[in-house]
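Beneath this line is the structure, given in structure tokens, with notes to follow.
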Amino acid sequence: MEMVKTEGLVFEYIRRNDEGEVESINRAVDNVDLRINKGDFIAILGHNGSGKSTLAKHINAILTPTEGSVWVGGINTREEEHLWDIRQNAGMVFQNPDNQIIGTVVEEDVGFGAENLGVPTEEIWERVEKSLKAVGMLEYRKHSPNKLSGGQKQRVAIAGIMAMKPQCIVLDEPTAMLDPMGRKEVIETVMELNKKEKVTVILITHYMEEVINADKVFVMDKGKVVMEGTPREIFKEVEQLKRYRLDVPQVTELSYELRKSGLKIPEGILTVDELVKAVCALKKE
Amino acid sequence: MIRDITIGQYYPADSLIHKLDPRVKLVGTIVYIIALFVIDSYIGYLLAALALLAVIRLSKVPVKFILRGLKPIIAILLFTLVFNLLFTQGDPVFKAGIITITKQGIRLCITMAIRLVLLIIGSSLMTFTTTPNHLTDGLESLMGPLKKVKVPVHEISMMMSIALRFIPILMEETDKIMKAQTARGADFETGGLVKKAKGLIPLLVPLFVSAFRRANDLAMAMEARCYRGGEGRTKMKPLKYTGRDMVSYLVLAVFFAGIIVLNHVDLLMF
């Protein structure tokens with residue numbers, strides 16, 4: 001079954017002047033059809049302003065489409081009476097770790113979403129403990145969020161979403177403000193949740209390295225989905241990606257350059273190991 | 001430099017007072033303050049001081065730490081005392097030029113000093129032993145009845161706790177902006193009051209812009225986590241009275257009764 005489905009999704013930011021007349025229309029998302037299956041790890045790539053964040057906000061029903069429709073777990077986001085079901089079902093992690101932590105103690109913040117859902121007190125504690133354990137932050141439960149590193153803060157934010165027991169997590173550039181270590185921490189946590197807890201993950205990013213392990217990648221440009229496929233299929237098209245102002249992972253770039261200069265290296269190499277094997281194979285020939 | 005200011009200082013310790021329900025401590029502080037103004041005799045003050053000393057002992061907060069909290073208000077204290085001493089009408093004890101010191105003035109001066117010192121120690125003891133979160137929880141619960149007259153009690157306490165959470169973040173940001181502006185040649189240190197105030201503009205404008213942006217982000221994150229006001233919300237840490245809270249209320253009642261009785265005893269004696 002599909003976790004998230006969009007059909008002809010269009011969203012326009014409309015700027016009005018003081019008299020309420022339309023000054024300019026900016027079409028951020030343009031006719032997008034998506035099908036995301038339950039349990040998948042999906043990555044959405046795109047340069048700044050490609051509309052990927054706007055798309056993400058539709059999945060959590062923070063925005064409603066100008067045209068077309070979005071279904072989350074079979075519910076249309078236009079149905080206002082189900083708004084809170086959708087938000088519970090599709091949790092969202094944002095870019096800035098400081099601006100999404102509400103509690104002054106880690107465990108209180110993790111419990112915030114569950115409190116809002118009206119979960120009984122004892123169950124909140126169980127959920128908090130379980131989700132903190134799932135993101136590996138249990139030992140920090142009594143700490144103040146201000147003293148944590150960026151990566152740790154994002155993991156707390158993810159735990160806060162997990163405590164709401166969603167079927168799907170949307171991460172809107174969760175690593176954009178983190179250092180490389182923090183980035184790795186967050187991505188590993190998300191991948192583990194996807195594998196162990198079977199949560200559907202929709203990762204929005206512009207770091208190519210993070211999408212290598214995704215089941216499916218969508219590339220967006222100017223509001224449209226322009227490429228769709230497995231990471232291997234996507235990264236084959238180095239030149240096309242560059243046209244969308246995206247960089248391929250370093251290893252892929254290197255093998256692409258090597259192939260361009262005449263070496264027999266297969267297309268779509270994603271990891272260092274693969275490249276090493278390919279180069280060794282060349283030597284043997 | 002800004003980090004030196006601490007608001008709602010909390011002194012972590014494992015004591016009976018720390019474990020008390022925040023509502024007990026809030027009510028206790030209010031009752032204590034009222035008592036200080038009701039007291040009409042030196043014996044009453046003695047009782048109040050002893051009671052406070054006992055609570056300090058129980059709270060395990062070092063006396064030194066508490067006295068340090070008094071430092072910033074010494075100036076205000078002296079100011080009040082001098083004024084009370086010099087400008088109270090009554091029977092003169094000492095006269096020199098335009099300065100007259102009266103018996104009533106001395107008495108008022110002493111009682112005022114005791115009152116202020118006890119009041120400040122008493123109320124700061126509450127913040128020393130209660131986490132800000134507990135405090136807002138306690139306030140929300142105590143103000144609960146006001147919901148009936150449409151006071152947004154839950155919203156107020158939510159705003160308070162969010163404000164507390166963002167104080168350190170905004171301070172850090174202020175520091176950062178200050179450094180960035182200093183690097184661009186801004187001067188925050190020299191000049192008169194007007195010049196200094198003007199110098200703050202390049203600090204405050206970006207700070208406000210960023211605070212609004214943060215507020216916007218936070219509101220979105222809260223909505224994304226299904227926040228929809230206090231209706232239908234459960235609590236992760238609900239407040240519950242235990243035996244020791246009840247005992248504390250009892251002790252408080254006895255203390256207040258004692259103060260009132262002492263007032264009358266004093267009147268009979270003199």
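Chain labels run A, B, ... following the order of the structure tokens; each chain numbers its residues from 1, and ligands are numbered from 1 in the order shown.
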
Practice item. Using DSSP on the backbone coordinates, identify the residues of range 34-246 of chain B assigned to strand (DSSP E); present them as a ChimeraX atom specification. Key: /B:92-96,99-102

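Proximity to range 15-26 of chain A at 12 Å, evaluated using only C-alpha atoms and with sequence-adjacent residues fewer than 2 positions away removed, yields Val10, Phe11, Glu12, Tyr13, Ala28, Val29, Asp30, Gly49, Ser50, Gly51, Thr54, Thr66, Lys222 and Gly223 of chain A.
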
Practice item. Kindly determine which residues of chain A lie within 10 Å of chain B, considering only C-alpha atoms, and give the answer as a PyMOL selection string. Key: chain A and resi 57+60-62+83-88+90-96+98-105+107-108+110-125+128+144-146+157+160-161+164

May I have the selected residues written with N, CA and C atoms, as a compact mmCIF listing (two decimals), in the first residue's frame?
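So the final result, stored in result_31.txt, reads:
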# COMPACT_ATOMS: atom_id res chain seq x y z
N LYS A 57 6.40 19.92 3.19
CA LYS A 57 5.39 20.49 4.08
C LYS A 57 3.97 20.04 3.71
N ASN A 60 3.01 16.72 5.66
CA ASN A 60 2.62 16.89 7.05
C ASN A 60 1.38 17.79 7.17
N ALA A 61 0.81 18.15 6.03
CA ALA A 61 -0.38 19.01 5.99
C ALA A 61 -0.15 20.38 6.64
N ILE A 62 1.09 20.84 6.63
CA ILE A 62 1.35 22.21 7.06
C ILE A 62 0.90 23.15 5.94
N LEU A 83 -6.88 16.33 10.04
CA LEU A 83 -5.59 17.02 10.04
C LEU A 83 -4.62 16.44 11.07
N TRP A 84 -5.12 16.22 12.30
CA TRP A 84 -4.22 15.78 13.38
C TRP A 84 -3.81 14.33 13.19
N ASP A 85 -4.71 13.52 12.56
CA ASP A 85 -4.33 12.14 12.26
C ASP A 85 -3.16 12.13 11.29
N ILE A 86 -3.23 13.02 10.31
CA ILE A 86 -2.15 13.07 9.31
C ILE A 86 -0.85 13.49 9.98
N ARG A 87 -0.94 14.51 10.83
CA ARG A 87 0.30 14.99 11.47
C ARG A 87 0.89 13.97 12.41
N GLN A 88 0.02 13.16 13.03
CA GLN A 88 0.52 12.10 13.91
C GLN A 88 1.18 11.02 13.06
N ALA A 90 2.47 11.24 9.95
CA ALA A 90 3.65 11.66 9.19
C ALA A 90 4.39 12.72 10.00
N GLY A 91 5.34 12.30 10.80
CA GLY A 91 6.10 13.23 11.63
C GLY A 91 7.07 14.01 10.79
N MET A 92 7.47 15.17 11.29
CA MET A 92 8.36 15.99 10.49
C MET A 92 9.52 16.53 11.33
N VAL A 93 10.72 16.37 10.80
CA VAL A 93 11.92 16.91 11.44
C VAL A 93 12.42 18.06 10.58
N PHE A 94 12.73 19.17 11.21
CA PHE A 94 13.11 20.36 10.45
C PHE A 94 14.62 20.58 10.44
N GLN A 95 15.00 21.65 9.74
CA GLN A 95 16.42 21.90 9.53
C GLN A 95 17.15 22.37 10.78
N ASN A 96 16.59 23.38 11.43
CA ASN A 96 17.30 23.99 12.55
C ASN A 96 17.00 23.25 13.85
N ASP A 98 17.74 23.87 16.91
CA ASP A 98 17.35 24.68 18.06
C ASP A 98 15.89 25.11 18.01
N ASN A 99 15.39 25.30 16.80
CA ASN A 99 14.06 25.88 16.67
C ASN A 99 12.94 24.85 16.67
N GLN A 100 13.25 23.61 16.98
CA GLN A 100 12.15 22.64 17.04
C GLN A 100 12.12 21.89 18.35
N ILE A 101 13.01 22.26 19.27
CA ILE A 101 12.99 21.61 20.58
C ILE A 101 12.24 22.51 21.54
N ILE A 102 11.18 21.98 22.13
CA ILE A 102 10.29 22.79 22.96
C ILE A 102 10.62 22.64 24.43
N GLY A 103 10.99 21.43 24.84
CA GLY A 103 11.21 21.15 26.26
C GLY A 103 12.54 21.69 26.76
N THR A 104 12.65 21.90 28.08
CA THR A 104 13.91 22.35 28.65
C THR A 104 14.75 21.16 29.14
N VAL A 105 14.16 19.97 29.12
CA VAL A 105 14.89 18.75 29.44
C VAL A 105 14.62 17.79 28.28
N GLU A 107 14.01 14.58 27.95
CA GLU A 107 12.87 13.66 27.98
C GLU A 107 11.53 14.41 27.89
N GLU A 108 11.49 15.62 28.42
CA GLU A 108 10.24 16.38 28.32
C GLU A 108 9.94 16.75 26.88
N VAL A 110 10.88 15.05 24.23
CA VAL A 110 10.47 13.85 23.51
C VAL A 110 9.00 13.54 23.81
N GLY A 111 8.57 13.84 25.03
CA GLY A 111 7.19 13.55 25.40
C GLY A 111 6.18 14.56 24.88
N PHE A 112 6.66 15.68 24.35
CA PHE A 112 5.76 16.78 23.96
C PHE A 112 4.67 16.35 22.97
N GLY A 113 5.08 15.65 21.91
CA GLY A 113 4.12 15.23 20.89
C GLY A 113 3.10 14.27 21.46
N ALA A 114 3.58 13.32 22.27
CA ALA A 114 2.68 12.34 22.86
C ALA A 114 1.69 13.02 23.82
N GLU A 115 2.17 14.03 24.54
CA GLU A 115 1.27 14.80 25.42
C GLU A 115 0.14 15.44 24.61
N ASN A 116 0.53 16.01 23.46
CA ASN A 116 -0.46 16.67 22.62
C ASN A 116 -1.51 15.71 22.10
N LEU A 117 -1.11 14.45 21.91
CA LEU A 117 -2.04 13.46 21.40
C LEU A 117 -2.97 12.94 22.49
N GLY A 118 -2.69 13.32 23.74
CA GLY A 118 -3.54 12.86 24.83
C GLY A 118 -3.25 11.44 25.26
N VAL A 119 -2.01 11.01 25.11
CA VAL A 119 -1.62 9.67 25.54
C VAL A 119 -1.54 9.64 27.07
N PRO A 120 -2.04 8.56 27.71
CA PRO A 120 -1.96 8.51 29.18
C PRO A 120 -0.52 8.59 29.71
N THR A 121 -0.38 9.15 30.91
CA THR A 121 0.95 9.46 31.45
C THR A 121 1.93 8.28 31.43
N GLU A 122 1.48 7.10 31.91
CA GLU A 122 2.43 5.97 31.98
C GLU A 122 2.91 5.59 30.59
N GLU A 123 1.98 5.66 29.63
CA GLU A 123 2.37 5.26 28.28
C GLU A 123 3.35 6.27 27.68
N ILE A 124 3.18 7.55 28.03
CA ILE A 124 4.14 8.55 27.53
C ILE A 124 5.54 8.17 27.97
N TRP A 125 5.68 7.78 29.25
CA TRP A 125 7.00 7.42 29.76
C TRP A 125 7.58 6.25 29.02
N VAL A 128 8.62 7.44 25.55
CA VAL A 128 9.81 8.30 25.61
C VAL A 128 11.05 7.45 25.75
N SER A 144 19.95 19.09 29.56
CA SER A 144 19.31 20.22 28.92
C SER A 144 19.66 20.19 27.43
N PRO A 145 18.70 20.41 26.54
CA PRO A 145 19.01 20.34 25.11
C PRO A 145 20.07 21.35 24.68
N ASN A 146 20.22 22.44 25.45
CA ASN A 146 21.19 23.47 25.06
C ASN A 146 22.62 22.97 25.09
N ALA A 157 15.14 15.37 18.38
CA ALA A 157 13.96 15.76 17.60
C ALA A 157 13.34 14.53 16.92
N GLY A 160 11.47 12.60 19.44
CA GLY A 160 10.20 13.25 19.73
C GLY A 160 9.13 12.86 18.72
N ILE A 161 9.54 12.70 17.48
CA ILE A 161 8.59 12.27 16.44
C ILE A 161 8.23 10.80 16.64
N MET A 164 5.48 9.70 18.88
CA MET A 164 4.11 9.86 18.41
C MET A 164 3.66 8.65 17.58

Check your understanding: So which bits of range 69-153 of chain A end up alpha helix (DSSP H) when you DSSP the backbone, as an MDAnalysis selection string?
Key -> chainID A and resid 83:89 106:116 121:134 150:153

Check your understanding: Counting only C-alpha atoms, what is within 7 Å of range 225-232 of chain A, bar same-chain residues fewer than 2 positions away, as a PyMOL selection string?
Key -> chain A and resi 32+211-212+214-221+223+234-236+268

For those residues, write C-alpha atoms to a file as a PDB file, in the first residue's frame.
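Written file, out03.pdb:
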ATOM      1  CA  VAL A  32       4.141  16.508  -9.037  1.00  0.00           C
ATOM      2  CA  VAL A 211      21.067   9.160  -0.491  1.00  0.00           C
ATOM      3  CA  ILE A 212      23.305   6.262  -1.542  1.00  0.00           C
ATOM      4  CA  ALA A 214      17.942   5.015  -0.330  1.00  0.00           C
ATOM      5  CA  ASP A 215      15.484   2.660  -2.014  1.00  0.00           C
ATOM      6  CA  LYS A 216      14.429   5.343  -4.405  1.00  0.00           C
ATOM      7  CA  VAL A 217      15.586   8.849  -5.260  1.00  0.00           C
ATOM      8  CA  PHE A 218      13.573  11.715  -6.708  1.00  0.00           C
ATOM      9  CA  VAL A 219      15.408  14.694  -8.140  1.00  0.00           C
ATOM     10  CA  MET A 220      13.549  17.992  -8.221  1.00  0.00           C
ATOM     11  CA  ASP A 221      14.270  21.087 -10.217  1.00  0.00           C
ATOM     12  CA  GLY A 223       9.199  22.534  -8.785  1.00  0.00           C
ATOM     13  CA  ILE A 234      20.352   8.388 -10.849  1.00  0.00           C
ATOM     14  CA  PHE A 235      24.089   8.717 -10.368  1.00  0.00           C
ATOM     15  CA  LYS A 236      24.777   7.256 -13.777  1.00  0.00           C
ATOM     16  CA  GLY A 268      27.056   4.204 -11.488  1.00  0.00           C
TER      17      GLY A 268
END

Exercise for review: Please provide as a VMD selection string all residues within 7 Å of range 257-266 of chain A, with the sequence filter that same-chain residues fewer than 3 positions apart are discarded (counting only C-alpha atoms).
Suggested key: chain A and resid 253 to 254 278

Exercise for review: Name the residues in contact with Arg155 in chain A at a cut-off of 9 Å, using only C-alpha atoms, excluding same-chain residues fewer than 5 positions from it; report them as a list in words.
Suggested key: Leu132, Val135, Gly136, Met137, Gly150, Gly160, Glu185, Val186, Thr189 and Val190 of chain A

Point to revise | From A:Met3, A:Ala43, A:Ala56, A:Leu148, residue lying nearest Met208 in chain A [only C-alpha atoms] | key: A:Ala43

Review point. So which residues touch Ser131 in chain A within 8 Å, counting only C-alpha atoms, skipping near sequence neighbours fewer than 6 positions away, as an NGL selection string?
Key: :A and (159-160 or 162-163)

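Among B:Leu108, B:Pro72, B:Pro145, B:Leu125, the residue with the shortest atom-to-atom distance to Gln89 in chain B, counting only C-alpha atoms, is B:Leu108.
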
Point to revise | Polymer residues at most 9 Å from Gly151 in chain A, only C-alpha atoms, same-chain spacing of 2 or more positions, as number ranges by chain | key: A: 97, 148-149, 153-156, 175, 178-179, 181-186

Quick one: write out the picked residues with N, CA and C atoms as a JSON list (two decimals), in the first residue's frame?
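And here's again28.json as it stands now:
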[["chain", "number", "residue", "atom", "x", "y", "z"],
["A", 97, "PRO", "N", 18.01, 22.60, 14.43],
["A", 97, "PRO", "CA", 17.74, 21.79, 15.61],
["A", 97, "PRO", "C", 17.26, 22.62, 16.80],
["A", 148, "LEU", "N", 23.66, 19.98, 24.19],
["A", 148, "LEU", "CA", 23.92, 18.90, 23.25],
["A", 148, "LEU", "C", 24.52, 19.43, 21.95],
["A", 149, "SER", "N", 25.18, 18.53, 21.21],
["A", 149, "SER", "CA", 25.70, 18.93, 19.90],
["A", 149, "SER", "C", 24.55, 18.93, 18.89],
["A", 153, "LYS", "N", 21.01, 16.96, 19.05],
["A", 153, "LYS", "CA", 19.73, 17.65, 19.09],
["A", 153, "LYS", "C", 18.78, 17.10, 18.03],
["A", 154, "GLN", "N", 19.32, 16.86, 16.82],
["A", 154, "GLN", "CA", 18.46, 16.31, 15.78],
["A", 154, "GLN", "C", 17.96, 14.93, 16.15],
["A", 155, "ARG", "N", 18.82, 14.14, 16.82],
["A", 155, "ARG", "CA", 18.37, 12.81, 17.23],
["A", 155, "ARG", "C", 17.26, 12.92, 18.27],
["A", 156, "VAL", "N", 17.37, 13.93, 19.16],
["A", 156, "VAL", "CA", 16.29, 14.15, 20.12],
["A", 156, "VAL", "C", 15.01, 14.52, 19.38],
["A", 175, "THR", "N", 20.27, 17.70, 8.09],
["A", 175, "THR", "CA", 21.72, 17.75, 8.32],
["A", 175, "THR", "C", 22.35, 19.04, 7.81],
["A", 178, "LEU", "N", 24.59, 20.86, 10.29],
["A", 178, "LEU", "CA", 25.45, 20.04, 11.14],
["A", 178, "LEU", "C", 26.84, 19.88, 10.55],
["A", 179, "ASP", "N", 27.78, 19.51, 11.43],
["A", 179, "ASP", "CA", 29.13, 19.19, 10.96],
["A", 179, "ASP", "C", 29.13, 17.75, 10.43],
["A", 181, "MET", "N", 30.43, 15.00, 11.34],
["A", 181, "MET", "CA", 30.16, 13.96, 12.33],
["A", 181, "MET", "C", 28.68, 13.87, 12.67],
["A", 182, "GLY", "N", 28.09, 15.02, 12.92],
["A", 182, "GLY", "CA", 26.67, 15.08, 13.26],
["A", 182, "GLY", "C", 25.81, 14.57, 12.12],
["A", 183, "ARG", "N", 26.24, 14.88, 10.90],
["A", 183, "ARG", "CA", 25.50, 14.45, 9.72],
["A", 183, "ARG", "C", 25.44, 12.93, 9.67],
["A", 184, "LYS", "N", 26.61, 12.34, 9.93],
["A", 184, "LYS", "CA", 26.69, 10.87, 9.89],
["A", 184, "LYS", "C", 25.78, 10.25, 10.96],
["A", 185, "GLU", "N", 25.88, 10.82, 12.17],
["A", 185, "GLU", "CA", 25.06, 10.35, 13.29],
["A", 185, "GLU", "C", 23.58, 10.30, 12.90],
["A", 186, "VAL", "N", 23.11, 11.42, 12.36],
["A", 186, "VAL", "CA", 21.69, 11.56, 12.07],
["A", 186, "VAL", "C", 21.27, 10.57, 10.98]]

**Study point:** Distance criterion (only C-alpha atoms): nearest to Ile59 in chain A out of A:Leu9, A:Val106, A:Ala176, A:Val199
**Key:** A:Leu9

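Across the model, the gap from CA of Tyr241 in chain B to CA of Ile156 in chain B is 22.9 Å.
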
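Restricting the calculation to only C-alpha atoms, the smallest distance between His206 in chain A and any of A:Leu270, A:Val4, A:Leu246, A:Ile36 is found for A:Leu246.
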
**Study point:** CA of Leu86 in chain B to CA of Thr100 in chain B, distance in Å rounded to a single decimal
**Key:** 6.3 Å
